[in-house]
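**Student:** Dropping the structure in here first, questions after.
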Amino acid sequence: QVQLVESGGGLVQAGGSLRLSCSPSGRPFNALVMAWFRQAPGREREFVAGISRSAESTFYTDSVKGRFAISRDNAKNTAYLQMNTLKPEDTAVYYCAAREGVGALSLSVYSRAANYAYWGQGTQVTISS
């Protein structure tokens, strides 16, 4: 069983930055595709970013391109989401997700929540205007 431990959420002003971290246990980290999703109140969970096992491929939803960066450190068994130039509309609970590294390297595969078997508990990110 894979467990995902997230950290790094909080309250920041618009234009500020936050970095989220996610550390899985229970599977070799380099066997896992990692991703971040978010869910705002009253809205469906949406894909934010994903990264392949060896970090050769990354995927982003359009609204965060150029502001967010997903990365991973396989030596530290940790995935990150660096969030810059934050906007009030980025306010949401952010979830780390993971799956075994099979499947095509495509946005359609990475962005589908049903493809991920493992989920973190979520961390609140609040951006004040």
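Residue numbering restarts at 1 for every chain of the structure tokens, chains are lettered A, B, ... in their displayed order, and ligands are numbered from 1 as they appear.
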Which residues are near Ile70 in chain A? Cut-off 12 Å, only C-alpha atoms, ignore same chain within fewer than 6 positions. Put them as an MDAnalysis selection string.
**Tutor:** chainID A and resid 19:22 33:37 48:52 55:61 64 78:84 96
**Student:** Go ahead and save the picked residues with N, CA and C atoms, as an mmCIF file, in the first residue's frame.
**Tutor:**
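Just written: part_19.cif:
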```cif
data_model
loop_
_atom_site.group_PDB
_atom_site.id
_atom_site.type_symbol
_atom_site.label_atom_id
_atom_site.label_comp_id
_atom_site.auth_asym_id
_atom_site.auth_seq_id
_atom_site.Cartn_x
_atom_site.Cartn_y
_atom_site.Cartn_z
ATOM 1 N N ARG A 19 5.768 26.208 -2.023
ATOM 2 C CA ARG A 19 6.246 24.947 -2.570
ATOM 3 C C ARG A 19 5.617 23.808 -1.799
ATOM 4 N N LEU A 20 4.944 22.945 -2.531
ATOM 5 C CA LEU A 20 4.351 21.753 -1.944
ATOM 6 C C LEU A 20 5.307 20.578 -2.123
ATOM 7 N N SER A 21 5.298 19.680 -1.141
ATOM 8 C CA SER A 21 6.117 18.475 -1.203
ATOM 9 C C SER A 21 5.230 17.256 -1.001
ATOM 10 N N CYS A 22 5.661 16.135 -1.590
ATOM 11 C CA CYS A 22 4.919 14.879 -1.461
ATOM 12 C C CYS A 22 5.922 13.740 -1.396
ATOM 13 N N VAL A 33 4.725 7.355 -11.227
ATOM 14 C CA VAL A 33 4.398 8.625 -11.865
ATOM 15 C C VAL A 33 3.733 9.489 -10.804
ATOM 16 N N MET A 34 4.100 10.753 -10.758
ATOM 17 C CA MET A 34 3.566 11.648 -9.728
ATOM 18 C C MET A 34 2.776 12.779 -10.368
ATOM 19 N N ALA A 35 1.788 13.266 -9.625
ATOM 20 C CA ALA A 35 0.975 14.368 -10.143
ATOM 21 C C ALA A 35 0.384 15.156 -8.992
ATOM 22 N N TRP A 36 -0.076 16.341 -9.324
ATOM 23 C CA TRP A 36 -0.812 17.193 -8.383
ATOM 24 C C TRP A 36 -2.159 17.539 -8.999
ATOM 25 N N PHE A 37 -3.190 17.435 -8.182
ATOM 26 C CA PHE A 37 -4.535 17.861 -8.526
ATOM 27 C C PHE A 37 -4.968 18.887 -7.485
ATOM 28 N N VAL A 48 -3.456 19.511 -12.155
ATOM 29 C CA VAL A 48 -2.580 20.690 -12.139
ATOM 30 C C VAL A 48 -1.290 20.396 -12.908
ATOM 31 N N ALA A 49 -0.603 19.324 -12.510
ATOM 32 C CA ALA A 49 0.691 19.013 -13.137
ATOM 33 C C ALA A 49 1.035 17.552 -12.905
ATOM 34 N N GLY A 50 1.841 16.997 -13.808
ATOM 35 C CA GLY A 50 2.291 15.614 -13.674
ATOM 36 C C GLY A 50 3.713 15.468 -14.164
ATOM 37 N N ILE A 51 4.405 14.446 -13.651
ATOM 38 C CA ILE A 51 5.798 14.227 -14.015
ATOM 39 C C ILE A 51 6.059 12.738 -14.139
ATOM 40 N N SER A 52 6.802 12.375 -15.168
ATOM 41 C CA SER A 52 7.105 10.971 -15.396
ATOM 42 C C SER A 52 8.134 10.464 -14.385
ATOM 43 N N ALA A 55 11.477 12.007 -14.723
ATOM 44 C CA ALA A 55 11.351 13.454 -14.911
ATOM 45 C C ALA A 55 11.636 13.916 -16.330
ATOM 46 N N GLU A 56 11.648 12.998 -17.274
ATOM 47 C CA GLU A 56 11.911 13.431 -18.649
ATOM 48 C C GLU A 56 10.713 14.127 -19.273
ATOM 49 N N SER A 57 9.525 13.929 -18.692
ATOM 50 C CA SER A 57 8.314 14.552 -19.232
ATOM 51 C C SER A 57 7.502 15.180 -18.110
ATOM 52 N N THR A 58 7.014 16.387 -18.374
ATOM 53 C CA THR A 58 6.118 17.064 -17.442
ATOM 54 C C THR A 58 4.909 17.571 -18.208
ATOM 55 N N PHE A 59 3.805 17.687 -17.497
ATOM 56 C CA PHE A 59 2.549 18.122 -18.094
ATOM 57 C C PHE A 59 1.874 19.108 -17.146
ATOM 58 N N TYR A 60 1.202 20.107 -17.716
ATOM 59 C CA TYR A 60 0.546 21.136 -16.919
ATOM 60 C C TYR A 60 -0.808 21.479 -17.513
ATOM 61 N N THR A 61 -1.721 21.866 -16.640
ATOM 62 C CA THR A 61 -2.935 22.473 -17.140
ATOM 63 C C THR A 61 -2.615 23.888 -17.581
ATOM 64 N N VAL A 64 -1.836 27.114 -15.267
ATOM 65 C CA VAL A 64 -0.666 27.241 -14.398
ATOM 66 C C VAL A 64 0.648 27.255 -15.174
ATOM 67 N N THR A 78 10.945 12.354 -3.120
ATOM 68 C CA THR A 78 10.029 13.470 -2.926
ATOM 69 C C THR A 78 9.707 14.131 -4.255
ATOM 70 N N ALA A 79 8.436 14.458 -4.419
ATOM 71 C CA ALA A 79 7.980 15.265 -5.550
ATOM 72 C C ALA A 79 7.598 16.640 -5.033
ATOM 73 N N TYR A 80 7.757 17.634 -5.902
ATOM 74 C CA TYR A 80 7.512 19.020 -5.500
ATOM 75 C C TYR A 80 6.584 19.703 -6.503
ATOM 76 N N LEU A 81 5.887 20.705 -5.999
ATOM 77 C CA LEU A 81 5.163 21.624 -6.870
ATOM 78 C C LEU A 81 5.518 23.034 -6.429
ATOM 79 N N GLN A 82 6.352 23.681 -7.217
ATOM 80 C CA GLN A 82 6.708 25.081 -6.956
ATOM 81 C C GLN A 82 5.661 25.965 -7.598
ATOM 82 N N MET A 83 5.033 26.803 -6.797
ATOM 83 C CA MET A 83 3.945 27.651 -7.279
ATOM 84 C C MET A 83 4.351 29.104 -7.106
ATOM 85 N N ASN A 84 4.465 29.818 -8.217
ATOM 86 C CA ASN A 84 4.850 31.225 -8.213
ATOM 87 C C ASN A 84 3.731 32.078 -8.777
ATOM 88 N N CYS A 96 -1.689 15.375 -3.778
ATOM 89 C CA CYS A 96 -0.650 14.618 -4.457
ATOM 90 C C CYS A 96 -1.241 13.287 -4.889
#
```
**Student:** Excluding Phe29 in chain A and its own-chain neighbours fewer than 6 positions away, which residues fall within 12 Å of it when counting only C-alpha atoms? Please give them as JSON, numbers by chain.
**Tutor:** {"A": [2, 3, 4, 22, 23, 52, 53, 54, 55, 72, 73, 74, 75, 76, 77, 78, 79, 98, 99, 100, 101]}
**Student:** Let me make sure I understand: among A:Ala40, A:Ala114, A:Ala31, A:Leu86, which one has the smallest atom-to-atom distance to Ala14 in chain A if we use only C-alpha atoms?
**Tutor:** A:Leu86
**Student:** I need the alpha helix (DSSP H) residues of range 11-113 of chain A per DSSP on the backbone, written as an MDAnalysis selection string.
**Tutor:** chainID A and resid 107:110
**Student:** For the selection you just gave me, I'd like the residues written to a file as a compact mmCIF listing (two decimals), in the first residue's frame, keeping N, CA and C atoms.
**Tutor:**
```
# COMPACT_ATOMS: atom_id res chain seq x y z
N LEU A 107 -0.70 14.13 -22.12
CA LEU A 107 -1.49 14.93 -21.18
C LEU A 107 -2.81 14.24 -20.86
N SER A 108 -3.41 13.61 -21.82
CA SER A 108 -4.71 12.98 -21.59
C SER A 108 -4.60 11.86 -20.57
N VAL A 109 -3.48 11.15 -20.55
CA VAL A 109 -3.29 10.08 -19.58
C VAL A 109 -2.94 10.66 -18.21
N TYR A 110 -2.04 11.61 -18.19
CA TYR A 110 -1.58 12.18 -16.93
C TYR A 110 -2.67 12.98 -16.22
```
**Student:** Would you mind writing down, as a count of residues only, each residue of chain A that DSSP on the backbone assigns to strand (DSSP E)?
**Tutor:** 63
**Student:** Looking at only C-alpha atoms, which of A:Asn30, A:Val5, A:Gly10, A:Arg38 is the one that sits closest to Tyr118 in chain A?
**Tutor:**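 That would be A:Val5, the residue with the smallest distance to Tyr118 in chain A.
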**Student:** Between A:Ala113, A:Gln1, A:Pro28, A:Gln121, which is the closest to Arg45 in chain A once you count only C-alpha atoms?
**Tutor:**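 With only C-alpha atoms as the atom set, the closest residue is A:Ala113.
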**Student:** Under the rule that only C-alpha atoms are counted, which of A:Gly120, A:Gly16, A:Gly26, A:Gly42 is the nearest residue to Arg67 in chain A?
**Tutor:**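 Between A:Gly120, A:Gly16, A:Gly26, A:Gly42, the residue approaching Arg67 in chain A most closely is A:Gly16.
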**Student:** Which residue gives the smallest distance to Ser25 in chain A among A:Gly9, A:Leu105, A:Trp119, A:Glu46, with only C-alpha atoms counted?
**Tutor:** A:Trp119
**Student:** Can you work out the spacing between CA of Ser71 in chain A and CA of Gln13 in chain A in Å, to one decimal?
**Tutor:** 23.5 Å
**Student:** For Val12 in chain A, which residue out of A:Gln124, A:Lys65, A:Tyr116, A:Arg43 is the nearest one, using only C-alpha atoms?
**Tutor:**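 Comparing A:Gln124, A:Lys65, A:Tyr116, A:Arg43 against Val12 in chain A, the winner is A:Gln124.
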**Student:** What is the CA of Leu11 in chain A-CA of Arg112 in chain A distance in Å, reported with one decimal?
**Tutor:**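 Computing the Euclidean distance for CA of Leu11 in chain A and CA of Arg112 in chain A yields 27.7 Å.
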